[in-house]
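**Student:** File entry_9.txt follows (compact mmCIF, C-alpha atoms):
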# COMPACT_ATOMS: atom_id res chain seq x y z
CA SER A 1 76.74 -16.74 16.21
CA ASN A 2 79.72 -18.83 15.10
CA MET A 3 77.84 -21.95 16.22
CA LYS A 4 74.82 -20.74 14.30
CA ASN A 5 76.82 -20.19 11.12
CA LYS A 6 78.35 -23.64 11.44
CA GLU A 7 74.86 -25.13 11.86
CA ARG A 8 73.59 -23.20 8.86
CA ARG A 9 76.49 -24.32 6.67
CA LYS A 10 75.87 -27.91 7.72
CA LEU A 11 72.19 -27.59 6.84
CA ILE A 12 72.94 -26.03 3.47
CA ARG A 13 75.39 -28.87 2.67
CA LEU A 14 72.85 -31.47 3.71
CA PHE A 15 70.00 -29.98 1.70
CA SER A 16 72.18 -29.36 -1.37
CA GLY A 17 73.33 -32.96 -1.27
CA ILE A 18 69.78 -34.25 -1.07
CA ILE A 19 68.55 -31.99 -3.88
CA VAL A 20 71.39 -33.22 -6.11
CA ALA A 21 70.45 -36.82 -5.25
CA ILE A 22 66.80 -36.15 -6.12
CA PHE A 23 67.87 -34.57 -9.41
CA ILE A 24 70.01 -37.60 -10.34
CA ALA A 25 67.24 -40.03 -9.36
CA THR A 26 64.79 -37.99 -11.45
CA ILE A 27 66.97 -38.25 -14.55
CA ILE A 28 67.45 -42.01 -14.03
CA SER A 29 63.72 -42.43 -13.49
CA ILE A 30 62.94 -40.67 -16.77
CA CYS A 31 65.47 -42.79 -18.67
CA ILE A 32 64.57 -46.21 -17.32
CA GLY A 33 61.73 -48.55 -18.19
CA LYS A 34 60.54 -51.01 -20.82
CA TYR A 35 61.43 -48.43 -23.43
CA SER A 36 64.58 -46.60 -22.40
CA ILE A 37 65.19 -43.00 -23.37
CA ALA A 38 68.74 -41.78 -23.94
CA LEU A 39 70.06 -38.80 -21.99
CA THR A 40 70.70 -36.91 -25.22
CA ASP A 41 67.05 -37.42 -26.19
CA ILE A 42 65.90 -35.95 -22.89
CA TRP A 43 68.18 -32.95 -23.39
CA ASN A 44 66.84 -32.46 -26.92
CA ILE A 45 63.22 -32.75 -25.78
CA ILE A 46 63.80 -30.16 -23.04
CA CYS A 47 65.55 -27.83 -25.48
CA GLY A 48 62.76 -28.30 -27.98
CA ASN A 49 64.93 -29.81 -30.73
CA GLU A 50 63.00 -31.68 -33.37
CA ASN A 51 65.43 -34.55 -34.00
CA VAL A 52 63.92 -36.92 -31.42
CA SER A 53 61.89 -39.92 -32.48
CA LEU A 54 58.15 -39.61 -32.03
CA LEU A 55 58.12 -42.69 -29.80
CA SER A 56 60.73 -41.29 -27.42
CA ARG A 57 58.82 -38.04 -27.24
CA LYS A 58 55.56 -39.86 -26.54
CA VAL A 59 57.09 -42.08 -23.85
CA PHE A 60 58.68 -39.01 -22.29
CA PHE A 61 55.50 -36.93 -22.12
CA THR A 62 52.80 -39.53 -21.53
CA LEU A 63 54.61 -42.08 -19.35
CA ARG A 64 57.89 -40.98 -17.80
CA LEU A 65 57.38 -37.33 -16.99
CA PRO A 66 54.00 -37.74 -15.23
CA ARG A 67 55.24 -40.83 -13.43
CA THR A 68 58.48 -39.30 -12.22
CA PHE A 69 56.70 -36.10 -11.23
CA MET A 70 54.13 -38.17 -9.31
CA ALA A 71 56.92 -40.07 -7.54
CA ILE A 72 58.50 -36.81 -6.35
CA MET A 73 55.09 -35.45 -5.38
CA ALA A 74 54.14 -38.62 -3.51
CA GLY A 75 57.41 -38.82 -1.59
CA THR A 76 57.41 -35.15 -0.69
CA GLY A 77 53.78 -35.16 0.36
CA LEU A 78 53.88 -38.35 2.41
CA GLY A 79 57.14 -37.36 4.10
CA LEU A 80 55.94 -33.85 4.86
CA ALA A 81 52.52 -34.92 6.11
CA GLY A 82 54.03 -37.74 8.18
CA SER A 83 56.36 -35.25 9.81
CA VAL A 84 53.48 -32.86 10.56
CA TYR A 85 51.45 -35.66 12.15
CA GLN A 86 54.39 -36.75 14.30
CA ILE A 87 55.00 -33.19 15.47
CA ILE A 88 51.43 -32.20 16.26
CA PHE A 89 50.53 -35.51 17.88
CA LYS A 90 53.88 -35.68 19.70
CA ASN A 91 53.77 -39.32 18.73
CA PRO A 92 56.50 -41.06 16.73
CA LEU A 93 53.94 -43.59 15.49
CA ALA A 94 51.55 -41.05 14.03
CA SER A 95 51.70 -41.55 10.29
CA PRO A 96 49.20 -41.33 7.43
CA ASP A 97 48.64 -45.08 7.75
CA ILE A 98 47.70 -44.83 11.40
CA ILE A 99 45.67 -41.61 11.57
CA GLY A 100 42.96 -43.42 9.58
CA ILE A 101 43.48 -41.84 6.17
CA ALA A 102 44.79 -45.03 4.64
CA GLY A 103 41.84 -47.07 5.89
CA GLY A 104 39.30 -44.52 4.75
CA ALA A 105 40.92 -44.03 1.35
CA ASN A 106 41.04 -47.78 0.94
CA LEU A 107 37.35 -48.11 1.79
CA GLY A 108 36.45 -45.27 -0.56
CA ALA A 109 38.33 -46.91 -3.41
CA ALA A 110 36.77 -50.29 -2.66
CA LEU A 111 33.27 -48.80 -2.60
CA ALA A 112 33.89 -47.03 -5.90
CA ILE A 113 35.06 -50.31 -7.44
CA VAL A 114 32.03 -52.27 -6.23
CA VAL A 115 29.23 -49.69 -6.40
CA LEU A 116 30.05 -47.84 -9.61
CA THR A 117 29.87 -50.59 -12.19
CA SER A 118 31.85 -48.70 -14.81
CA SER A 119 34.40 -47.44 -12.33
CA GLY A 120 37.31 -45.93 -14.21
CA MET A 121 40.50 -44.75 -12.57
CA MET A 122 39.08 -41.28 -11.96
CA GLU A 123 36.08 -42.61 -10.01
CA ILE A 124 38.32 -44.82 -7.89
CA ALA A 125 40.60 -41.86 -7.22
CA MET A 126 37.61 -39.70 -6.29
CA GLY A 127 36.26 -42.42 -3.99
CA SER A 128 39.55 -42.89 -2.19
CA PHE A 129 40.03 -39.14 -1.82
CA ILE A 130 36.60 -38.66 -0.23
CA GLY A 131 37.08 -41.78 1.91
CA GLY A 132 40.41 -40.60 3.28
CA PHE A 133 39.01 -37.21 4.08
CA LEU A 134 35.89 -38.55 5.77
CA ALA A 135 38.01 -40.94 7.82
CA VAL A 136 40.02 -38.07 9.27
CA LEU A 137 36.85 -36.10 9.97
CA ALA A 138 35.51 -39.20 11.73
CA VAL A 139 38.71 -39.37 13.80
CA MET A 140 38.25 -35.72 14.80
CA PHE A 141 34.63 -36.36 15.64
CA LEU A 142 35.58 -39.32 17.85
CA VAL A 143 38.22 -37.24 19.63
CA ARG A 144 35.68 -34.45 20.12
CA ALA A 145 33.16 -36.96 21.48
CA THR A 146 35.61 -38.33 24.04
CA ARG A 147 36.33 -34.75 25.17
CA SER A 148 39.90 -35.80 25.73
CA ARG A 149 42.72 -33.33 25.32
CA ALA A 150 45.37 -36.02 24.96
CA THR A 151 46.94 -36.31 21.52
CA ALA A 152 47.17 -40.08 21.95
CA THR A 153 43.39 -40.15 21.54
CA TYR A 154 43.85 -39.19 17.88
CA VAL A 155 46.04 -42.21 17.27
CA LEU A 156 43.56 -44.49 19.05
CA ALA A 157 40.67 -43.01 17.08
CA GLY A 158 42.66 -43.54 13.88
CA ILE A 159 43.17 -47.19 14.80
CA VAL A 160 39.40 -47.53 15.41
CA ILE A 161 38.56 -45.99 12.02
CA ASN A 162 41.15 -48.17 10.28
CA ALA A 163 39.75 -51.29 11.91
CA VAL A 164 36.17 -50.43 10.93
CA SER A 165 37.27 -49.68 7.34
CA LYS A 166 39.12 -53.00 7.19
CA ALA A 167 36.04 -54.90 8.37
CA VAL A 168 33.80 -53.24 5.77
CA ILE A 169 36.40 -53.87 3.06
CA MET A 170 36.51 -57.57 4.00
CA GLY A 171 32.75 -57.68 3.59
CA LEU A 172 32.99 -55.96 0.22
CA LYS A 173 35.72 -58.37 -0.88
CA TYR A 174 33.68 -61.35 0.20
CA PHE A 175 30.79 -60.31 -2.02
CA ALA A 176 32.89 -58.80 -4.81
CA ASP A 177 33.15 -60.42 -8.19
CA PRO A 178 36.55 -62.12 -7.98
CA GLU A 179 37.47 -61.57 -11.62
CA ASN A 180 37.41 -57.78 -11.80
CA GLU A 181 36.41 -56.12 -8.56
CA LEU A 182 38.52 -58.17 -6.16
CA ALA A 183 41.57 -57.83 -8.38
CA ALA A 184 41.05 -54.08 -8.67
CA MET A 185 40.77 -53.72 -4.87
CA GLU A 186 43.90 -55.76 -4.23
CA TYR A 187 45.76 -53.83 -6.90
CA TRP A 188 44.78 -50.48 -5.39
CA GLU A 189 45.93 -51.61 -1.95
CA MET A 190 49.39 -52.50 -3.22
CA GLY A 191 50.13 -49.08 -4.62
CA THR A 192 51.83 -48.37 -7.92
CA LEU A 193 52.94 -45.40 -9.96
CA GLY A 194 52.17 -47.35 -13.12
CA ASN A 195 48.69 -45.87 -13.51
CA THR A 196 49.87 -42.29 -13.43
CA THR A 197 48.71 -40.14 -16.32
CA ALA A 198 49.35 -36.48 -17.02
CA ALA A 199 45.62 -35.81 -16.58
CA LYS A 200 45.61 -37.33 -13.09
CA VAL A 201 48.73 -35.43 -12.07
CA MET A 202 47.17 -32.17 -13.24
CA THR A 203 43.97 -32.95 -11.34
CA VAL A 204 45.64 -33.54 -7.98
CA PHE A 205 48.54 -31.12 -8.31
CA PRO A 206 46.50 -28.06 -7.23
CA LEU A 207 45.31 -29.92 -4.12
CA PHE A 208 48.87 -30.97 -3.40
CA CYS A 209 49.98 -27.33 -3.69
CA VAL A 210 47.25 -26.13 -1.34
CA GLY A 211 48.41 -28.69 1.23
CA VAL A 212 52.11 -27.86 0.91
CA ILE A 213 51.66 -24.08 0.85
CA GLY A 214 49.24 -24.24 3.78
CA ILE A 215 51.73 -26.25 5.83
CA ILE A 216 54.56 -23.83 4.95
CA LEU A 217 52.44 -20.83 5.95
CA LEU A 218 51.47 -22.48 9.24
CA ARG A 219 54.97 -23.72 10.05
CA ARG A 220 55.22 -21.52 13.17
CA GLN A 221 51.93 -22.87 14.48
CA ILE A 222 53.03 -26.45 13.80
CA GLU A 223 56.26 -25.84 15.73
CA MET A 224 54.18 -24.33 18.53
CA LEU A 225 51.90 -27.36 18.69
CA ALA A 226 54.99 -29.40 19.48
CA LEU A 227 55.10 -27.51 22.79
CA SER A 228 52.69 -28.31 25.57
CA GLY A 229 49.06 -27.26 25.24
CA ASN A 230 49.32 -24.77 28.10
CA GLU A 231 52.28 -23.00 26.47
CA CYS A 232 50.32 -22.66 23.23
CA ARG A 233 47.36 -21.20 25.07
CA ALA A 234 49.66 -18.81 26.90
CA LEU A 235 50.91 -17.68 23.49
CA GLY A 236 47.30 -16.93 22.58
CA MET A 237 46.73 -19.75 20.13
CA ARG A 238 43.37 -21.38 19.59
CA ILE A 239 44.68 -24.91 19.62
CA GLY A 240 41.55 -26.76 18.50
CA ILE A 241 40.97 -24.71 15.37
CA VAL A 242 44.64 -24.50 14.39
CA ARG A 243 45.19 -28.22 14.90
CA THR A 244 42.10 -29.02 12.85
CA ILE A 245 43.24 -26.80 9.97
CA ILE A 246 46.74 -28.32 10.00
CA LEU A 247 45.31 -31.84 10.12
CA LEU A 248 43.01 -31.13 7.19
CA LEU A 249 45.86 -29.64 5.15
CA SER A 250 48.10 -32.68 5.73
CA THR A 251 45.18 -34.96 4.99
CA LEU A 252 44.47 -33.11 1.76
CA LEU A 253 48.11 -33.66 0.86
CA VAL A 254 48.03 -37.40 1.54
CA ALA A 255 44.61 -37.96 -0.03
CA ALA A 256 45.69 -36.12 -3.20
CA ILE A 257 48.58 -38.55 -3.53
CA ILE A 258 47.15 -41.92 -2.60
CA CYS A 259 44.02 -41.44 -4.66
CA VAL A 260 46.32 -41.68 -7.71
CA THR A 261 48.93 -44.16 -6.52
CA GLY A 262 46.94 -46.38 -4.18
CA LEU A 263 48.37 -47.14 -0.76
CA ILE A 264 52.09 -46.55 -0.46
CA SER A 265 53.01 -47.83 2.94
CA PHE A 266 55.75 -46.84 5.28
CA VAL A 267 57.11 -43.65 3.66
CA GLY A 268 55.04 -41.34 5.85
CA LEU A 269 56.33 -43.14 8.92
CA ILE A 270 59.95 -43.61 8.00
CA ALA A 271 60.95 -40.34 6.30
CA PRO A 272 60.15 -38.19 9.37
CA HIS A 273 62.08 -40.59 11.62
CA ILE A 274 65.15 -40.46 9.44
CA ALA A 275 64.92 -36.66 9.19
CA LYS A 276 64.61 -36.42 12.97
CA LEU A 277 67.58 -38.74 13.52
CA ILE A 278 69.72 -36.70 11.09
CA LEU A 279 68.81 -33.23 12.41
CA LYS A 280 68.28 -34.29 16.07
CA ARG A 281 65.36 -31.93 16.42
CA ASN A 282 61.80 -31.47 15.30
CA ASN A 283 61.08 -28.20 13.54
CA PHE A 284 60.33 -26.82 10.09
CA ASN A 285 63.71 -28.00 8.73
CA THR A 286 62.84 -31.51 9.86
CA MET A 287 59.56 -31.29 7.95
CA VAL A 288 61.29 -30.16 4.76
CA LEU A 289 64.03 -32.77 5.07
CA SER A 290 61.37 -35.40 5.67
CA GLY A 291 59.70 -34.43 2.38
CA PHE A 292 63.01 -34.68 0.53
CA ILE A 293 63.81 -38.07 2.04
CA GLY A 294 60.34 -39.29 1.09
CA ALA A 295 60.95 -38.16 -2.49
CA ILE A 296 64.27 -40.05 -2.64
CA VAL A 297 62.77 -43.23 -1.19
CA ILE A 298 59.85 -43.29 -3.62
CA LEU A 299 61.95 -42.33 -6.66
CA VAL A 300 64.46 -45.07 -5.93
CA ALA A 301 61.70 -47.56 -5.10
CA ASP A 302 59.93 -46.78 -8.37
CA ILE A 303 63.13 -47.15 -10.38
CA PHE A 304 63.62 -50.60 -8.83
CA ALA A 305 59.95 -51.44 -9.34
CA ARG A 306 60.55 -51.08 -13.07
CA LEU A 307 64.04 -52.59 -13.21
CA LEU A 308 63.62 -55.74 -11.16
CA TYR A 309 60.81 -57.41 -12.92
CA SER A 310 59.29 -57.37 -16.38
CA VAL A 311 55.92 -56.45 -14.93
CA GLU A 312 56.01 -53.78 -12.26
CA LEU A 313 56.29 -54.74 -8.63
CA PRO A 314 53.97 -53.00 -6.14
CA ILE A 315 55.86 -50.01 -4.84
CA SER A 316 55.08 -50.68 -1.15
CA ILE A 317 57.27 -53.78 -1.24
CA LEU A 318 60.19 -51.65 -2.38
CA THR A 319 59.57 -48.64 -0.14
CA THR A 320 59.75 -51.07 2.78
CA VAL A 321 62.85 -52.83 1.43
CA ILE A 322 64.61 -49.48 0.98
CA GLY A 323 63.16 -47.72 4.03
CA VAL A 324 63.77 -50.32 6.70
CA PRO A 325 67.56 -50.60 6.24
CA MET A 326 67.79 -46.78 6.19
CA LEU A 327 65.88 -46.55 9.45
CA ILE A 328 67.88 -49.35 11.08
CA TYR A 329 71.13 -47.67 10.00
CA PHE A 330 70.14 -44.32 11.51
CA LEU A 331 68.83 -45.98 14.67
CA CYS A 332 72.17 -47.77 15.11
CA GLU A 333 74.05 -44.49 14.55
CA LYS A 334 71.86 -42.85 17.16
CA GLY A 335 72.55 -45.76 19.52
CA LYS A 336 76.31 -45.24 19.10
CA GLU A 337 76.00 -41.56 19.95
CA GLN A 338 74.29 -42.32 23.22
CA LEU A 339 77.12 -44.65 24.20
CA ILE A 340 79.78 -41.96 23.87
Go through the file and emit its structure as structure tokens.
**Tutor:**
Amino acid sequence: SNMKNKERRKLIRLFSGIIVAIFIATIISICIGKYSIALTDIWNIICGNENVSLLSRKVFFTLRLPRTFMAIMAGTGLGLAGSVYQIIFKNPLASPDIIGIAGGANLGAALAIVVLTSSGMMEIAMGSFIGGFLAVLAVMFLVRATRSRATATYVLAGIVINAVSKAVIMGLKYFADPENELAAMEYWEMGTLGNTTAAKVMTVFPLFCVGVIGIILLRRQIEMLALSGNECRALGMRIGIVRTIILLLSTLLVAAIICVTGLISFVGLIAPHIAKLILKRNNFNTMVLSGFIGAIVILVADIFARLLYSVELPISILTTVIGVPMLIYFLCEKGKEQLI
């Protein structure tokens, strides 16, 4: 039990550290932008004091708070879902981008932009949400059709769906009106937190919660799916149904995020890897840590997206710039351990 206590203390230290880091990044994120808000102003707004300028208050409530909240939500959701995919598919490459959600969401957004002439942000979000969901259903259908039990089939099916979506999107782009529609499609593909509004956050937050709570409630089953299929069956688990439910929950989570932000690449792939390299195992703690790491990466990326350039940079550029060195660092550390 002494070992166990040591492990637990280590975990608590790790998670406390990360939560503190997220908190600091959150404060910085709220302060920073074209119009900066002072720390004292934030404190006064939270305490409900009246002596804060109307502009600060407006920036805080309409721009910064929704945006920062969305960044945390996006990072947590993509990290958590990425981790779930990697565990249940026993495949380190399984990530939201590869399972076909990204392609489907992209196609849905593109269709909304081209088909609905007056497509506002809500319609595009709706389109991408439905597209992402249908893509994953299509992946499941393909897997069912091949009658294969191998989890690799999911990844292959995801690649097929992504490729088909890409081809259709190219067609749409070719015929799109270059002024508005093409620009809107390209913009959605790059991903940004700049379009976040409180209304959008409130719309997708319930879906996000359903996804997260569902995954937490099914954490035992997810850990079981990491075992071999025969072990699960021996434990009396109906693999097909459980896996489908877990997949749909993680997909709901990802779709709820990217329908607001557009495609944010790489976080769903990299956060679970870093979590796994830190904890050296793959269980519920890894999933939680992965969500936290995702939140840090996106918060920091979004802060840089606003700092570096007068107009905002697409967040995917920065998630990659921040994520890759982190991954390389942890891979090198892991390499050292194996040498000893």
**Student:** One number please: CA of Ala150 in chain A to CA of Ala234 in chain A, in Å, one decimal.
**Tutor:**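 Those two atoms sit 17.8 Å apart.
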**Student:** Which is closer to Ile216 in chain A than all the others in A:Gln86, A:Asp177, A:Leu80, A:Thr196, using only C-alpha atoms?
**Tutor:** A:Leu80
**Student:** Report the distance between CA of Glu312 in chain A and CA of Ile298 in chain A in Å, rounded to one decimal place.
**Tutor:**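 Result for CA of Glu312 in chain A versus CA of Ile298 in chain A: 14.1 Å, one decimal.
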**Student:** Using CA of Phe69 in chain A and CA of Thr26 in chain A as the two end points, give the distance in Å to one decimal.
**Tutor:**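 Answer for the CA of Phe69 in chain A to CA of Thr26 in chain A separation: 8.3 Å.
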**Student:** Using only C-alpha atoms, can you tell me which of A:Thr197, A:Gln221, A:Thr146, A:Asn106 comes closest to Gly127 in chain A?
**Tutor:** A:Asn106
**Student:** Within 10 Å of (64.6, -49.8, -5.0) (file coordinates; only C-alpha atoms), which protein or nucleic acid residues are there? I'd like them as a ChimeraX atom specification.
**Tutor:** /A:297-308,315,317-323
**Student:** Of the candidates A:Leu247, A:Ile22, A:Leu331, A:Leu235, which one gets nearest to Ile293 in chain A if we count all atoms listed in the file?
**Tutor:**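 Ranking A:Leu247, A:Ile22, A:Leu331, A:Leu235 by distance to Ile293 in chain A, first place goes to A:Ile22.
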**Student:** With a distance cut-off of 10 Å and only C-alpha atoms, select the neighbouring residues of Leu218 in chain A, excluding the residue or stretch itself and same-chain residues fewer than 6 positions from it, and output the selection as a PyMOL selection string.
**Tutor:** chain A and resi 212+224+242+245-246+249+284
**Student:** Give me, as a list of chain:residue names, all polymer residues having an atom no more than 12 Å from range 41-58 of chain A, counting only C-alpha atoms and skipping those fewer than 5 positions away in the same chain.
**Tutor:**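 Here the answer would be A:Thr26, A:Ile27, A:Ile28, A:Ser29, A:Ile30, A:Cys31, A:Ile32, A:Gly33, A:Lys34, A:Tyr35, A:Ser36, A:Leu63, A:Arg64, A:Leu65, A:Pro66, A:Ala198.
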**Student:** Using only C-alpha atoms, find the one residue out of A:Leu217, A:Leu193, A:Leu111, A:Ile124 that sits nearest to Ile72 in chain A.
**Tutor:**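 The closest residue to Ile72 in chain A is A:Leu193.
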**Student:** In the coordinate frame of the file, compute which residues have an atom within 10 Å of (38.5, -51.8, -6.3) when using only C-alpha atoms, and state them as a VMD selection string.
**Tutor:** chain A and resid 106 to 116 119 to 121 124 127 to 128 169 172 to 173 176 180 to 189
**Student:** What would the file look like if the residues just selected were written as a PDB file, in the coordinates of the input with C-alpha atoms?
**Tutor:**
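Saved to result12.pdb:
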ATOM      1  CA  ASN A 106      41.040 -47.780   0.940  1.00  0.00           C
ATOM      2  CA  LEU A 107      37.350 -48.110   1.790  1.00  0.00           C
ATOM      3  CA  GLY A 108      36.450 -45.270  -0.560  1.00  0.00           C
ATOM      4  CA  ALA A 109      38.330 -46.910  -3.410  1.00  0.00           C
ATOM      5  CA  ALA A 110      36.770 -50.290  -2.660  1.00  0.00           C
ATOM      6  CA  LEU A 111      33.270 -48.800  -2.600  1.00  0.00           C
ATOM      7  CA  ALA A 112      33.890 -47.030  -5.900  1.00  0.00           C
ATOM      8  CA  ILE A 113      35.060 -50.310  -7.440  1.00  0.00           C
ATOM      9  CA  VAL A 114      32.030 -52.270  -6.230  1.00  0.00           C
ATOM     10  CA  VAL A 115      29.230 -49.690  -6.400  1.00  0.00           C
ATOM     11  CA  LEU A 116      30.050 -47.840  -9.610  1.00  0.00           C
ATOM     12  CA  SER A 119      34.400 -47.440 -12.330  1.00  0.00           C
ATOM     13  CA  GLY A 120      37.310 -45.930 -14.210  1.00  0.00           C
ATOM     14  CA  MET A 121      40.500 -44.750 -12.570  1.00  0.00           C
ATOM     15  CA  ILE A 124      38.320 -44.820  -7.890  1.00  0.00           C
ATOM     16  CA  GLY A 127      36.260 -42.420  -3.990  1.00  0.00           C
ATOM     17  CA  SER A 128      39.550 -42.890  -2.190  1.00  0.00           C
ATOM     18  CA  ILE A 169      36.400 -53.870   3.060  1.00  0.00           C
ATOM     19  CA  LEU A 172      32.990 -55.960   0.220  1.00  0.00           C
ATOM     20  CA  LYS A 173      35.720 -58.370  -0.880  1.00  0.00           C
ATOM     21  CA  ALA A 176      32.890 -58.800  -4.810  1.00  0.00           C
ATOM     22  CA  ASN A 180      37.410 -57.780 -11.800  1.00  0.00           C
ATOM     23  CA  GLU A 181      36.410 -56.120  -8.560  1.00  0.00           C
ATOM     24  CA  LEU A 182      38.520 -58.170  -6.160  1.00  0.00           C
ATOM     25  CA  ALA A 183      41.570 -57.830  -8.380  1.00  0.00           C
ATOM     26  CA  ALA A 184      41.050 -54.080  -8.670  1.00  0.00           C
ATOM     27  CA  MET A 185      40.770 -53.720  -4.870  1.00  0.00           C
ATOM     28  CA  GLU A 186      43.900 -55.760  -4.230  1.00  0.00           C
ATOM     29  CA  TYR A 187      45.760 -53.830  -6.900  1.00  0.00           C
ATOM     30  CA  TRP A 188      44.780 -50.480  -5.390  1.00  0.00           C
ATOM     31  CA  GLU A 189      45.930 -51.610  -1.950  1.00  0.00           C
TER      32      GLU A 189
END
**Student:** Just checking: using all atoms listed in the file, which residue out of A:Gly268, A:Ile161, A:Ile241, A:Leu279 ends up closest to Glu7 in chain A?
**Tutor:**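 So, comparing all the options, the nearest one is A:Leu279.
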**Student:** Give me the residues within 12 Å of Phe208 in chain A as a list in words, counting all atoms listed in the file and dropping any in the same chain fewer than 6 places off.
**Tutor:**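 Those residues are Met70, Ile72, Met73, Ala74, Gly75, Thr76, Gly77, Leu78, Leu80, Ala81, Val201, Met202, Gly214, Ile215, Leu249, Ser250, Thr251, Leu252, Leu253, Val254, Ala255, Ala256, Ile257, Ile258, Cys259 and Val260 of chain A.
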**Student:** Compile the contact shell of Phe141 in chain A as a VMD selection string: residues with an atom at most 12 Å away, counting only C-alpha atoms, same-chain residues fewer than 5 positions apart removed.
**Tutor:** chain A and resid 134 to 136 146 to 148 153 to 154 157 to 158 161 244
**Student:** Dump C-alpha atoms for the selected residues as a PDB file, in the coordinates of the input?
**Tutor:**
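Contents of part_7.pdb, as written:
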ATOM      1  CA  LEU A 134      35.890 -38.550   5.770  1.00  0.00           C
ATOM      2  CA  ALA A 135      38.010 -40.940   7.820  1.00  0.00           C
ATOM      3  CA  VAL A 136      40.020 -38.070   9.270  1.00  0.00           C
ATOM      4  CA  THR A 146      35.610 -38.330  24.040  1.00  0.00           C
ATOM      5  CA  ARG A 147      36.330 -34.750  25.170  1.00  0.00           C
ATOM      6  CA  SER A 148      39.900 -35.800  25.730  1.00  0.00           C
ATOM      7  CA  THR A 153      43.390 -40.150  21.540  1.00  0.00           C
ATOM      8  CA  TYR A 154      43.850 -39.190  17.880  1.00  0.00           C
ATOM      9  CA  ALA A 157      40.670 -43.010  17.080  1.00  0.00           C
ATOM     10  CA  GLY A 158      42.660 -43.540  13.880  1.00  0.00           C
ATOM     11  CA  ILE A 161      38.560 -45.990  12.020  1.00  0.00           C
ATOM     12  CA  THR A 244      42.100 -29.020  12.850  1.00  0.00           C
TER      13      THR A 244
END
**Student:** Pick the closest to Lys90 in chain A from A:Asn283, A:Val168, A:Leu227, A:Asn162: which is it, counting all atoms listed in the file?
**Tutor:** A:Leu227
**Student:** Please list as a PyMOL selection string every residue within 8 Å of Met287 in chain A, counting all atoms listed in the file and excluding residues in the same chain fewer than 6 positions away.
**Tutor:** chain A and resi 79-80+83-84+272+275
